[in-house]
$ cat my_file-v9.pdb   # PDB, C-alpha atoms
ATOM      1  CA  MET X  62    -104.278  45.309 -17.379
ATOM      2  CA  ARG X  63    -102.547  46.128 -14.090
ATOM      3  CA  SER X  64    -103.488  49.238 -12.118
ATOM      4  CA  VAL X  65    -101.406  50.443  -9.182
ATOM      5  CA  VAL X  66    -101.724  53.240  -6.660
ATOM      6  CA  LEU X  67     -98.667  55.445  -6.203
ATOM      7  CA  ILE X  68     -98.638  57.617  -3.088
ATOM      8  CA  PRO X  69     -96.141  60.507  -3.087
ATOM      9  CA  ALA X  70     -94.749  60.951   0.428
ATOM     10  CA  ARG X  71     -92.097  63.614   0.853
ATOM     11  CA  TYR X  72     -90.443  63.924   4.250
ATOM     12  CA  GLY X  73     -88.869  67.309   3.573
ATOM     13  CA  SER X  74     -92.038  69.369   3.359
ATOM     14  CA  SER X  75     -91.281  73.038   3.956
ATOM     15  CA  ARG X  76     -94.640  73.636   5.688
ATOM     16  CA  TYR X  77     -94.681  70.446   7.743
ATOM     17  CA  PRO X  78     -91.443  68.409   7.808
ATOM     18  CA  GLY X  79     -92.041  64.698   8.349
ATOM     19  CA  LYS X  80     -95.740  65.036   7.540
ATOM     20  CA  PRO X  81     -96.223  61.519   6.067
ATOM     21  CA  LEU X  82     -95.217  60.033   9.427
ATOM     22  CA  VAL X  83     -97.467  62.204  11.585
ATOM     23  CA  ASN X  84     -99.355  60.044  14.055
ATOM     24  CA  LEU X  85    -103.126  59.871  13.454
ATOM     25  CA  LEU X  86    -105.067  57.755  15.957
ATOM     26  CA  GLY X  87    -101.946  55.771  16.702
ATOM     27  CA  LYS X  88    -100.773  55.141  13.117
ATOM     28  CA  PRO X  89     -98.577  57.073  10.654
ATOM     29  CA  MET X  90    -100.684  59.003   8.156
ATOM     30  CA  VAL X  91     -99.053  57.400   5.119
ATOM     31  CA  LEU X  92    -100.224  53.981   6.318
ATOM     32  CA  TRP X  93    -103.843  55.152   6.605
ATOM     33  CA  VAL X  94    -103.684  56.259   2.972
ATOM     34  CA  ALA X  95    -101.970  53.036   1.894
ATOM     35  CA  GLU X  96    -104.549  50.860   3.644
ATOM     36  CA  LEU X  97    -107.479  52.702   2.056
ATOM     37  CA  SER X  98    -105.787  52.429  -1.332
ATOM     38  CA  ALA X  99    -105.322  48.700  -0.769
ATOM     39  CA  LYS X 100    -109.085  48.348  -0.329
ATOM     40  CA  ALA X 101    -109.417  49.601  -3.889
ATOM     41  CA  VAL X 102    -106.606  47.849  -5.755
ATOM     42  CA  GLY X 103    -105.157  45.255  -3.362
ATOM     43  CA  LYS X 104    -102.146  45.588  -1.068
ATOM     44  CA  GLU X 105     -99.768  44.177  -3.671
ATOM     45  CA  ASN X 106    -100.646  47.083  -5.979
ATOM     46  CA  VAL X 107     -99.920  49.929  -3.555
ATOM     47  CA  TYR X 108     -96.573  51.750  -3.657
ATOM     48  CA  VAL X 109     -95.225  54.747  -1.765
ATOM     49  CA  ALA X 110     -92.837  57.057  -3.615
ATOM     50  CA  THR X 111     -90.505  58.806  -1.182
ATOM     51  CA  GLU X 112     -87.109  60.462  -0.956
ATOM     52  CA  ASP X 113     -86.618  59.482   2.682
ATOM     53  CA  GLN X 114     -85.523  56.139   4.124
ATOM     54  CA  ARG X 115     -87.508  56.692   7.331
ATOM     55  CA  ILE X 116     -90.753  56.723   5.363
ATOM     56  CA  ALA X 117     -89.656  53.739   3.293
ATOM     57  CA  ASP X 118     -88.872  51.740   6.446
ATOM     58  CA  VAL X 119     -92.325  52.408   7.942
ATOM     59  CA  VAL X 120     -94.059  51.485   4.693
ATOM     60  CA  VAL X 121     -92.121  48.266   4.164
ATOM     61  CA  SER X 122     -92.520  47.182   7.789
ATOM     62  CA  ALA X 123     -96.293  47.406   7.285
ATOM     63  CA  GLY X 124     -96.131  45.143   4.241
ATOM     64  CA  PHE X 125     -96.364  47.805   1.531
ATOM     65  CA  GLN X 126     -93.836  48.611  -1.183
ATOM     66  CA  ALA X 127     -91.659  51.707  -1.262
ATOM     67  CA  VAL X 128     -89.868  53.223  -4.240
ATOM     68  CA  MET X 129     -87.015  55.610  -3.544
ATOM     69  CA  THR X 130     -86.910  58.851  -5.534
ATOM     70  CA  THR X 131     -84.538  61.795  -5.617
ATOM     71  CA  ASP X 132     -84.899  64.808  -3.349
ATOM     72  CA  ASP X 133     -85.077  67.275  -6.232
ATOM     73  CA  ALA X 134     -88.378  66.263  -7.872
ATOM     74  CA  LEU X 135     -90.141  69.438  -9.015
ATOM     75  CA  THR X 136     -93.613  68.256  -7.953
ATOM     76  CA  GLY X 137     -95.403  65.224  -6.581
ATOM     77  CA  THR X 138     -96.229  64.155 -10.138
ATOM     78  CA  ASP X 139     -92.552  64.376 -11.098
ATOM     79  CA  ARG X 140     -91.813  62.146  -8.098
ATOM     80  CA  LEU X 141     -94.428  59.672  -9.303
ATOM     81  CA  ALA X 142     -92.880  59.715 -12.758
ATOM     82  CA  GLN X 143     -89.549  58.739 -11.250
ATOM     83  CA  ALA X 144     -91.098  55.895  -9.259
ATOM     84  CA  ALA X 145     -93.206  54.606 -12.160
ATOM     85  CA  GLU X 146     -90.052  53.717 -14.080
ATOM     86  CA  HIS X 147     -89.510  50.912 -11.553
ATOM     87  CA  ILE X 148     -93.038  49.450 -11.625
ATOM     88  CA  ASP X 149     -94.578  47.209 -14.274
ATOM     89  CA  ALA X 150     -98.129  48.515 -14.669
ATOM     90  CA  ASP X 151    -100.545  49.900 -17.238
ATOM     91  CA  VAL X 152    -102.351  52.475 -15.086
ATOM     92  CA  PHE X 153    -100.750  54.592 -12.363
ATOM     93  CA  ILE X 154    -103.182  56.187  -9.904
ATOM     94  CA  ASN X 155    -101.908  59.087  -7.849
ATOM     95  CA  VAL X 156    -103.455  59.228  -4.367
ATOM     96  CA  GLN X 157    -102.252  62.074  -2.167
ATOM     97  CA  GLY X 158    -100.346  60.991   0.924
ATOM     98  CA  ASP X 159    -101.894  63.650   3.171
ATOM     99  CA  GLU X 160    -105.556  62.643   2.776
ATOM    100  CA  PRO X 161    -106.241  59.786   5.221
ATOM    101  CA  LEU X 162    -109.982  59.929   4.484
ATOM    102  CA  VAL X 163    -109.775  59.161   0.771
ATOM    103  CA  ASP X 164    -112.653  56.947  -0.416
ATOM    104  CA  PRO X 165    -111.606  53.658  -2.091
ATOM    105  CA  ILE X 166    -114.721  53.909  -4.275
ATOM    106  CA  ASP X 167    -113.405  57.160  -5.740
ATOM    107  CA  ILE X 168    -110.054  55.532  -6.475
ATOM    108  CA  LEU X 169    -111.905  52.850  -8.436
ATOM    109  CA  LYS X 170    -113.977  55.461 -10.285
ATOM    110  CA  VAL X 171    -110.814  57.166 -11.481
ATOM    111  CA  ARG X 172    -109.211  53.851 -12.397
ATOM    112  CA  ASP X 173    -112.232  52.690 -14.387
ATOM    113  CA  ALA X 174    -112.389  55.996 -16.251
ATOM    114  CA  LYS X 175    -108.739  55.615 -17.206
ATOM    115  CA  VAL X 176    -109.188  52.050 -18.415
ATOM    116  CA  ALA X 177    -112.074  53.233 -20.594
ATOM    117  CA  ASN X 178    -110.112  56.272 -21.862
ATOM    118  CA  MET X 179    -106.456  55.301 -21.998
ATOM    119  CA  GLY X 180    -105.546  58.303 -24.142
ATOM    120  CA  ASP X 181    -106.763  60.808 -21.548
ATOM    121  CA  VAL X 182    -105.329  61.924 -18.230
ATOM    122  CA  ILE X 183    -107.990  61.448 -15.532
ATOM    123  CA  ASN X 184    -108.579  63.809 -12.597
ATOM    124  CA  GLY X 185    -111.287  63.838  -9.930
ATOM    125  CA  PHE X 186    -113.556  66.786  -9.181
ATOM    126  CA  SER X 187    -116.403  67.631  -6.830
ATOM    127  CA  TRP X 188    -118.607  70.633  -6.125
ATOM    128  CA  VAL X 189    -117.539  73.397  -3.747
ATOM    129  CA  SER X 190    -119.771  73.121  -0.692
ATOM    130  CA  ASP X 191    -121.718  75.908   0.998
ATOM    131  CA  GLU X 192    -119.200  75.815   3.842
ATOM    132  CA  GLU X 193    -116.301  76.512   1.480
ATOM    133  CA  ASP X 194    -115.252  79.830  -0.042
ATOM    134  CA  PRO X 195    -114.824  79.570  -3.825
ATOM    135  CA  HIS X 196    -112.546  82.615  -3.647
ATOM    136  CA  SER X 197    -110.035  80.774  -1.435
ATOM    137  CA  VAL X 198    -106.700  80.349  -3.201
ATOM    138  CA  ASN X 199    -106.339  76.988  -1.436
ATOM    139  CA  ILE X 200    -109.139  75.517  -3.574
ATOM    140  CA  PRO X 201    -108.265  74.946  -7.251
ATOM    141  CA  LYS X 202    -111.436  75.712  -9.227
ATOM    142  CA  VAL X 203    -112.208  73.605 -12.288
ATOM    143  CA  ILE X 204    -113.521  74.907 -15.596
ATOM    144  CA  SER X 205    -114.745  72.173 -17.905
ATOM    145  CA  THR X 206    -116.886  71.535 -20.925
ATOM    146  CA  GLU X 207    -120.374  70.216 -20.292
ATOM    147  CA  ASP X 208    -119.067  66.699 -20.860
ATOM    148  CA  ASN X 209    -116.348  67.183 -18.203
ATOM    149  CA  ILE X 210    -113.248  67.773 -20.299
ATOM    150  CA  LEU X 211    -110.910  70.198 -18.549
ATOM    151  CA  VAL X 212    -110.676  73.670 -20.068
ATOM    152  CA  TYR X 213    -108.705  75.314 -17.269
ATOM    153  CA  MET X 214    -108.041  75.172 -13.537
ATOM    154  CA  SER X 215    -107.380  78.191 -11.348
ATOM    155  CA  ARG X 216    -107.058  79.410  -7.793
ATOM    156  CA  VAL X 217    -109.266  82.323  -8.835
ATOM    157  CA  ALA X 218    -113.036  81.756  -8.639
ATOM    158  CA  LEU X 219    -114.044  80.748 -12.173
ATOM    159  CA  PRO X 220    -116.094  80.947 -14.325
ATOM    160  CA  GLY X 221    -116.271  84.709 -14.177
ATOM    161  CA  TYR X 222    -119.315  86.736 -15.133
ATOM    162  CA  LYS X 223    -120.166  90.189 -16.442
ATOM    163  CA  ASP X 224    -123.639  90.436 -14.977
ATOM    164  CA  GLN X 225    -124.665  89.201 -11.520
ATOM    165  CA  LYS X 226    -127.644  87.375 -13.017
ATOM    166  CA  CYS X 227    -125.160  85.241 -14.987
ATOM    167  CA  ALA X 228    -123.100  84.230 -11.932
ATOM    168  CA  PRO X 229    -122.593  80.470 -11.599
ATOM    169  CA  SER X 230    -124.843  78.807  -9.048
ATOM    170  CA  ARG X 231    -121.968  76.606  -7.888
ATOM    171  CA  TYR X 232    -118.311  75.911  -8.596
ATOM    172  CA  LYS X 233    -116.344  72.770  -9.346
ATOM    173  CA  LYS X 234    -113.102  72.054  -7.502
ATOM    174  CA  GLN X 235    -110.253  69.636  -8.042
ATOM    175  CA  VAL X 236    -110.049  66.383  -6.083
ATOM    176  CA  CYS X 237    -106.477  65.135  -6.075
ATOM    177  CA  ILE X 238    -106.881  61.617  -7.421
ATOM    178  CA  TYR X 239    -105.327  61.177 -10.861
ATOM    179  CA  ALA X 240    -104.644  58.362 -13.341
ATOM    180  CA  PHE X 241    -101.841  58.222 -15.903
ATOM    181  CA  THR X 242     -99.960  55.860 -18.181
ATOM    182  CA  LEU X 243     -96.190  55.512 -17.929
ATOM    183  CA  GLU X 244     -95.812  57.375 -21.213
ATOM    184  CA  GLU X 245     -97.824  60.316 -19.882
ATOM    185  CA  LEU X 246     -95.721  60.477 -16.726
ATOM    186  CA  ARG X 247     -92.524  60.316 -18.778
ATOM    187  CA  SER X 248     -93.683  63.194 -20.961
ATOM    188  CA  PHE X 249     -94.589  65.225 -17.877
ATOM    189  CA  ARG X 250     -91.171  64.689 -16.314
ATOM    190  CA  THR X 251     -89.118  65.196 -19.470
ATOM    191  CA  PHE X 252     -90.829  68.567 -20.001
ATOM    192  CA  GLY X 253     -88.079  69.500 -17.590
ATOM    193  CA  ARG X 254     -89.654  72.468 -15.844
ATOM    194  CA  LYS X 255     -92.927  73.832 -14.578
ATOM    195  CA  SER X 256     -95.015  75.169 -17.450
ATOM    196  CA  THR X 257     -95.931  78.851 -17.495
ATOM    197  CA  LEU X 258     -99.486  78.389 -16.193
ATOM    198  CA  GLU X 259     -98.421  75.683 -13.736
ATOM    199  CA  HIS X 260     -95.837  78.066 -12.288
ATOM    200  CA  SER X 261     -98.364  80.882 -11.854
ATOM    201  CA  GLU X 262    -101.232  78.830 -10.441
ATOM    202  CA  ASP X 263     -99.133  76.210  -8.618
ATOM    203  CA  ILE X 264    -101.394  73.480 -10.040
ATOM    204  CA  GLU X 265     -99.497  70.542 -11.521
ATOM    205  CA  ILE X 266    -102.215  69.261 -13.850
ATOM    206  CA  LEU X 267    -101.864  72.442 -15.915
ATOM    207  CA  ARG X 268     -98.569  71.147 -17.285
ATOM    208  CA  PHE X 269    -100.479  68.367 -19.049
ATOM    209  CA  LEU X 270    -102.930  70.938 -20.382
ATOM    210  CA  GLU X 271    -100.117  73.053 -21.815
ATOM    211  CA  MET X 272     -98.631  69.902 -23.327
ATOM    212  CA  GLY X 273    -101.859  69.385 -25.274
ATOM    213  CA  LYS X 274    -103.210  66.412 -23.314
ATOM    214  CA  THR X 275    -106.938  65.835 -22.909
ATOM    215  CA  ILE X 276    -107.833  65.788 -19.203
ATOM    216  CA  ARG X 277    -111.073  64.001 -18.419
ATOM    217  CA  LEU X 278    -112.774  64.880 -15.140
ATOM    218  CA  ILE X 279    -114.592  62.292 -13.027
ATOM    219  CA  GLU X 280    -116.951  63.342 -10.255
ATOM    220  CA  THR X 281    -116.108  62.007  -6.812
ATOM    221  CA  LYS X 282    -117.425  62.753  -3.373
ATOM    222  CA  PRO X 283    -116.272  66.113  -1.960
ATOM    223  CA  GLY X 284    -112.558  66.129  -1.219
ATOM    224  CA  SER X 285    -111.638  64.699   2.144
ATOM    225  CA  LEU X 286    -109.811  66.655   4.819
ATOM    226  CA  ALA X 287    -106.072  66.883   4.295
ATOM    227  CA  VAL X 288    -103.248  67.444   6.767
ATOM    228  CA  ASP X 289    -101.378  70.487   5.480
ATOM    229  CA  ILE X 290    -100.091  71.952   8.758
ATOM    230  CA  PRO X 291     -99.845  70.670  12.369
ATOM    231  CA  ASP X 292    -103.085  72.445  13.320
ATOM    232  CA  ASP X 293    -104.977  70.171  10.901
ATOM    233  CA  VAL X 294    -104.189  66.980  12.843
ATOM    234  CA  ALA X 295    -106.870  67.321  15.524
ATOM    235  CA  LYS X 296    -109.738  68.069  13.131
ATOM    236  CA  VAL X 297    -108.696  65.251  10.799
ATOM    237  CA  GLU X 298    -108.634  62.806  13.711
ATOM    238  CA  VAL X 299    -112.148  63.903  14.675
ATOM    239  CA  ALA X 300    -113.330  63.302  11.108
ATOM    240  CA  MET X 301    -111.621  59.903  11.048
ATOM    241  CA  CYS X 302    -113.404  58.879  14.244
ATOM    242  CA  LYS X 303    -116.738  59.918  12.754
ATOM    243  CA  ALA X 304    -116.006  57.944   9.599
ATOM    244  CA  VAL X 305    -115.315  54.801  11.616
ATOM    245  CA  THR X 306    -118.641  55.077  13.479
ATOM    246  CA  VAL X 307    -120.759  55.642  10.344
TER     247      VAL X 307
END
$ encode --input "my_file-v9.pdb" --output "structure tokens"
Amino acid sequence: MRSVVLIPARYGSSRYPGKPLVNLLGKPMVLWVAELSAKAVGKENVYVATEDQRIADVVVSAGFQAVMTTDDALTGTDRLAQAAEHIDADVFINVQGDEPLVDPIDILKVRDAKVANMGDVINGFSWVSDEEDPHSVNIPKVISTEDNILVYMSRVALPGYKDQKCAPSRYKKQVCIYAFTLEELRSFRTFGRKSTLEHSEDIEILRFLEMGKTIRLIETKPGSLAVDIPDDVAKVEVAMCKAVTV
């Protein structure tokens, strides 16, 4: 059974154009992510899905594989679905291209969970830390059954409560490592639009939920720092330096 990592890398980001090629400690960010992914699944099993030839050229020159996609993909998962049509594999692991501190161990956790549960979509989660605000709309909160099957995901702080004494002691949040089969990605893409909840929350995994798929959650370490805007570069580089010295 072949497992591959697919890294969506869109050049035309509205918030940060060219983000995958931003220089972090002397290397384009997309290559940091690709190299960490290669530690998990091997360099020959790492692909970058992109709509831009500049990104493809950087990836290929570093010995990785690039798959060209169209510029009109609705979401990163739709872009992955396009790319997956050109790759012979059983498990497709989505690793975000803007998280250069992703842990290869977490990639393997998600892969192993998928291999053991091929009928389920797999998504990582961790616990919201004391330094994070669960009410932040930038943190998708996870609601699950006690055996970690997704019930819902929201940018609102959930679960809610009627009485303060019933307030949750901590919250789960999404970690953006996923695992799919080709058939699941095809179904996602051929849905043809963002689902109602996906559109409201701006959380892609909700499309699978509305399609009736079981989404199994796997605990990972707390989500690593991502580069969303130019101001994030400096703090991510500091964190990368700390990670190297540990």
$ resolve_selection --input "my_file-v9.pdb" --expression "the PyMOL selection byres ((chain X and resi 96-107) around 6)" --output "PyMOL selection string"
chain X and resi 65-66+92-95+108+165
$ write_last_selection --input "my_file-v9.pdb" --atoms "C-alpha atoms" --output "PDB file, in the coordinates of the input"
ATOM      1  CA  VAL X  65    -101.406  50.443  -9.182  1.00  0.00           C
ATOM      2  CA  VAL X  66    -101.724  53.240  -6.660  1.00  0.00           C
ATOM      3  CA  LEU X  92    -100.224  53.981   6.318  1.00  0.00           C
ATOM      4  CA  TRP X  93    -103.843  55.152   6.605  1.00  0.00           C
ATOM      5  CA  VAL X  94    -103.684  56.259   2.972  1.00  0.00           C
ATOM      6  CA  ALA X  95    -101.970  53.036   1.894  1.00  0.00           C
ATOM      7  CA  TYR X 108     -96.573  51.750  -3.657  1.00  0.00           C
ATOM      8  CA  PRO X 165    -111.606  53.658  -2.091  1.00  0.00           C
TER       9      PRO X 165
END
$ closest_residue --input "my_file-v9.pdb" --among "X:Ser215, X:Ser74, X:Thr281, X:Ser187" --to "Lys233 of chain X" --atoms "only C-alpha atoms"
X:Ser187
$ resolve_selection --input "my_file-v9.pdb" --expression "the PyMOL selection byres ((chain X and resi 148) around 10)" --output "PyMOL selection string"
chain X and resi 65+67+106+108+128+143-147+149-151+153+243
$ axis_aligned_box --input "my_file-v9.pdb" --around "segment 262-270 of chain X" --padding-each-side "3 Å" --output "JSON"
{"center_x": -100.7, "center_y": 73.6, "center_z": -14.5, "size_x": 10.4, "size_y": 16.5, "size_z": 17.8}
$ resolve_selection --input "my_file-v9.pdb" --expression "the PyMOL selection byres ((chain X and resi 230) around 12)" --output "list in words"
Trp188, Val189, Ser190, Asp191, Pro195, Leu219, Pro220, Gly221, Tyr222, Gln225, Lys226, Cys227, Ala228, Pro229, Arg231, Tyr232 and Lys233 of chain X
$ residues_near_point --input "my_file-v9.pdb" --point "(-99.4, 56.7, -17.2)" --cutoff "8 Å" --atoms "all atoms listed in the file" --output "MDAnalysis selection string"
chainID X and resid 151:153 182 240:247
$ closest_residue --input "my_file-v9.pdb" --among "X:Ile276, X:Leu162, X:Glu193, X:Gln157" --to "Gly180 of chain X" --atoms "only C-alpha atoms"
X:Ile276
$ closest_residue --input "my_file-v9.pdb" --among "X:Ala174, X:Leu267, X:Leu286, X:Ala218" --to "Ala304 of chain X" --atoms "all atoms listed in the file"
X:Leu286
$ residues_around --input "my_file-v9.pdb" --residues "Arg250 of chain X" --least-positions-apart "4" --cutoff "10 Å" --atoms "all atoms listed in the file" --output "list in words"
Ala134, Leu135, Thr136, Thr138, Asp139, Arg140, Leu141, Ala142, Gln143, Glu244, Glu245, Leu246, Arg254, Lys255 and Arg268 of chain X
$ closest_residue --input "my_file-v9.pdb" --among "X:Ile116, X:Arg63, X:Ala177, X:Glu271" --to "Pro78 of chain X" --atoms "only C-alpha atoms"
X:Ile116
$ atom_distance --input "my_file-v9.pdb" --atom1 "atom CA of Val171 of chain X" --atom2 "atom CA of Pro69 of chain X"
17.2 Å
$ atom_distance --input "my_file-v9.pdb" --atom1 "atom CA of Val203 of chain X" --atom2 "atom CA of Ile154 of chain X"
19.8 Å
$ closest_residue --input "my_file-v9.pdb" --among "X:Asp181, X:Asp173, X:Glu192, X:Glu262" --to "Leu211 of chain X" --atoms "only C-alpha atoms"
X:Asp181
$ atom_distance --input "my_file-v9.pdb" --atom1 "atom CA of Glu280 of chain X" --atom2 "atom CA of Ser256 of chain X"
25.9 Å
$ closest_residue --input "my_file-v9.pdb" --among "X:Met179, X:Lys202, X:Arg216, X:Asp263" --to "Thr275 of chain X" --atoms "all atoms listed in the file"
X:Met179
$ decode --input "my_file-v9.pdb" --residues "segment 186-196 of chain X" --atoms "all heavy atoms" --output "compact mmCIF listing (two decimals), in the first residue's frame"
# COMPACT_ATOMS: atom_id res chain seq x y z
N PHE X 186 -5.85 16.55 15.36
CA PHE X 186 -6.32 17.55 16.32
C PHE X 186 -5.34 17.64 17.47
O PHE X 186 -4.53 16.74 17.71
CB PHE X 186 -7.72 17.21 16.86
CG PHE X 186 -7.72 16.23 18.01
CD1 PHE X 186 -7.67 16.68 19.33
CD2 PHE X 186 -7.75 14.86 17.78
CE1 PHE X 186 -7.65 15.78 20.39
CE2 PHE X 186 -7.74 13.96 18.84
CZ PHE X 186 -7.69 14.41 20.14
N SER X 187 -5.40 18.75 18.19
CA SER X 187 -4.64 18.91 19.43
C SER X 187 -5.48 19.76 20.38
O SER X 187 -6.59 20.18 20.03
CB SER X 187 -3.27 19.55 19.18
OG SER X 187 -3.43 20.89 18.72
N TRP X 188 -4.95 20.02 21.56
CA TRP X 188 -5.68 20.81 22.54
C TRP X 188 -5.26 22.27 22.47
O TRP X 188 -4.06 22.57 22.32
CB TRP X 188 -5.45 20.26 23.94
CG TRP X 188 -5.99 18.86 24.11
CD1 TRP X 188 -5.31 17.70 23.98
CD2 TRP X 188 -7.36 18.52 24.39
NE1 TRP X 188 -6.16 16.63 24.18
CE2 TRP X 188 -7.42 17.09 24.43
CE3 TRP X 188 -8.52 19.25 24.62
CZ2 TRP X 188 -8.60 16.41 24.69
CZ3 TRP X 188 -9.70 18.57 24.89
CH2 TRP X 188 -9.74 17.16 24.92
N VAL X 189 -6.21 23.17 22.57
CA VAL X 189 -5.92 24.60 22.60
C VAL X 189 -5.10 24.89 23.85
O VAL X 189 -5.48 24.49 24.96
CB VAL X 189 -7.23 25.42 22.60
CG1 VAL X 189 -6.93 26.91 22.77
CG2 VAL X 189 -8.01 25.17 21.31
N SER X 190 -3.99 25.56 23.67
CA SER X 190 -3.10 25.83 24.80
C SER X 190 -3.58 27.03 25.62
O SER X 190 -4.46 27.79 25.20
CB SER X 190 -1.67 26.11 24.29
OG SER X 190 -1.63 27.37 23.65
N ASP X 191 -2.97 27.20 26.79
CA ASP X 191 -3.32 28.32 27.66
C ASP X 191 -2.96 29.66 27.03
O ASP X 191 -3.53 30.69 27.40
CB ASP X 191 -2.61 28.19 29.01
CG ASP X 191 -3.11 27.00 29.82
OD1 ASP X 191 -4.25 26.54 29.56
OD2 ASP X 191 -2.36 26.52 30.70
N GLU X 192 -2.03 29.65 26.10
CA GLU X 192 -1.61 30.88 25.44
C GLU X 192 -2.52 31.24 24.27
O GLU X 192 -2.37 32.32 23.67
CB GLU X 192 -0.17 30.76 24.93
CG GLU X 192 0.90 30.72 26.01
CD GLU X 192 0.94 29.38 26.74
OE1 GLU X 192 0.74 28.35 26.07
OE2 GLU X 192 1.14 29.38 27.97
N GLU X 193 -3.44 30.36 23.92
CA GLU X 193 -4.32 30.59 22.79
C GLU X 193 -5.73 30.93 23.26
O GLU X 193 -6.17 30.47 24.32
CB GLU X 193 -4.39 29.35 21.89
CG GLU X 193 -3.06 29.02 21.21
CD GLU X 193 -3.13 27.70 20.47
OE1 GLU X 193 -3.46 26.67 21.10
OE2 GLU X 193 -2.85 27.70 19.26
N ASP X 194 -6.43 31.73 22.47
CA ASP X 194 -7.79 32.13 22.79
C ASP X 194 -8.78 31.24 22.04
O ASP X 194 -8.85 31.30 20.81
CB ASP X 194 -8.00 33.59 22.39
CG ASP X 194 -9.43 34.08 22.66
OD1 ASP X 194 -10.19 33.34 23.30
OD2 ASP X 194 -9.74 35.20 22.21
N PRO X 195 -9.54 30.41 22.75
CA PRO X 195 -10.49 29.53 22.06
C PRO X 195 -11.58 30.29 21.31
O PRO X 195 -12.25 29.72 20.44
CB PRO X 195 -11.08 28.68 23.19
CG PRO X 195 -10.86 29.47 24.42
CD PRO X 195 -9.59 30.22 24.21
N HIS X 196 -11.74 31.57 21.61
CA HIS X 196 -12.75 32.38 20.92
C HIS X 196 -12.21 33.00 19.64
O HIS X 196 -12.96 33.65 18.90
CB HIS X 196 -13.25 33.48 21.85
CG HIS X 196 -13.97 32.95 23.06
ND1 HIS X 196 -15.30 32.58 23.04
CD2 HIS X 196 -13.53 32.70 24.32
CE1 HIS X 196 -15.66 32.12 24.22
NE2 HIS X 196 -14.61 32.19 25.02
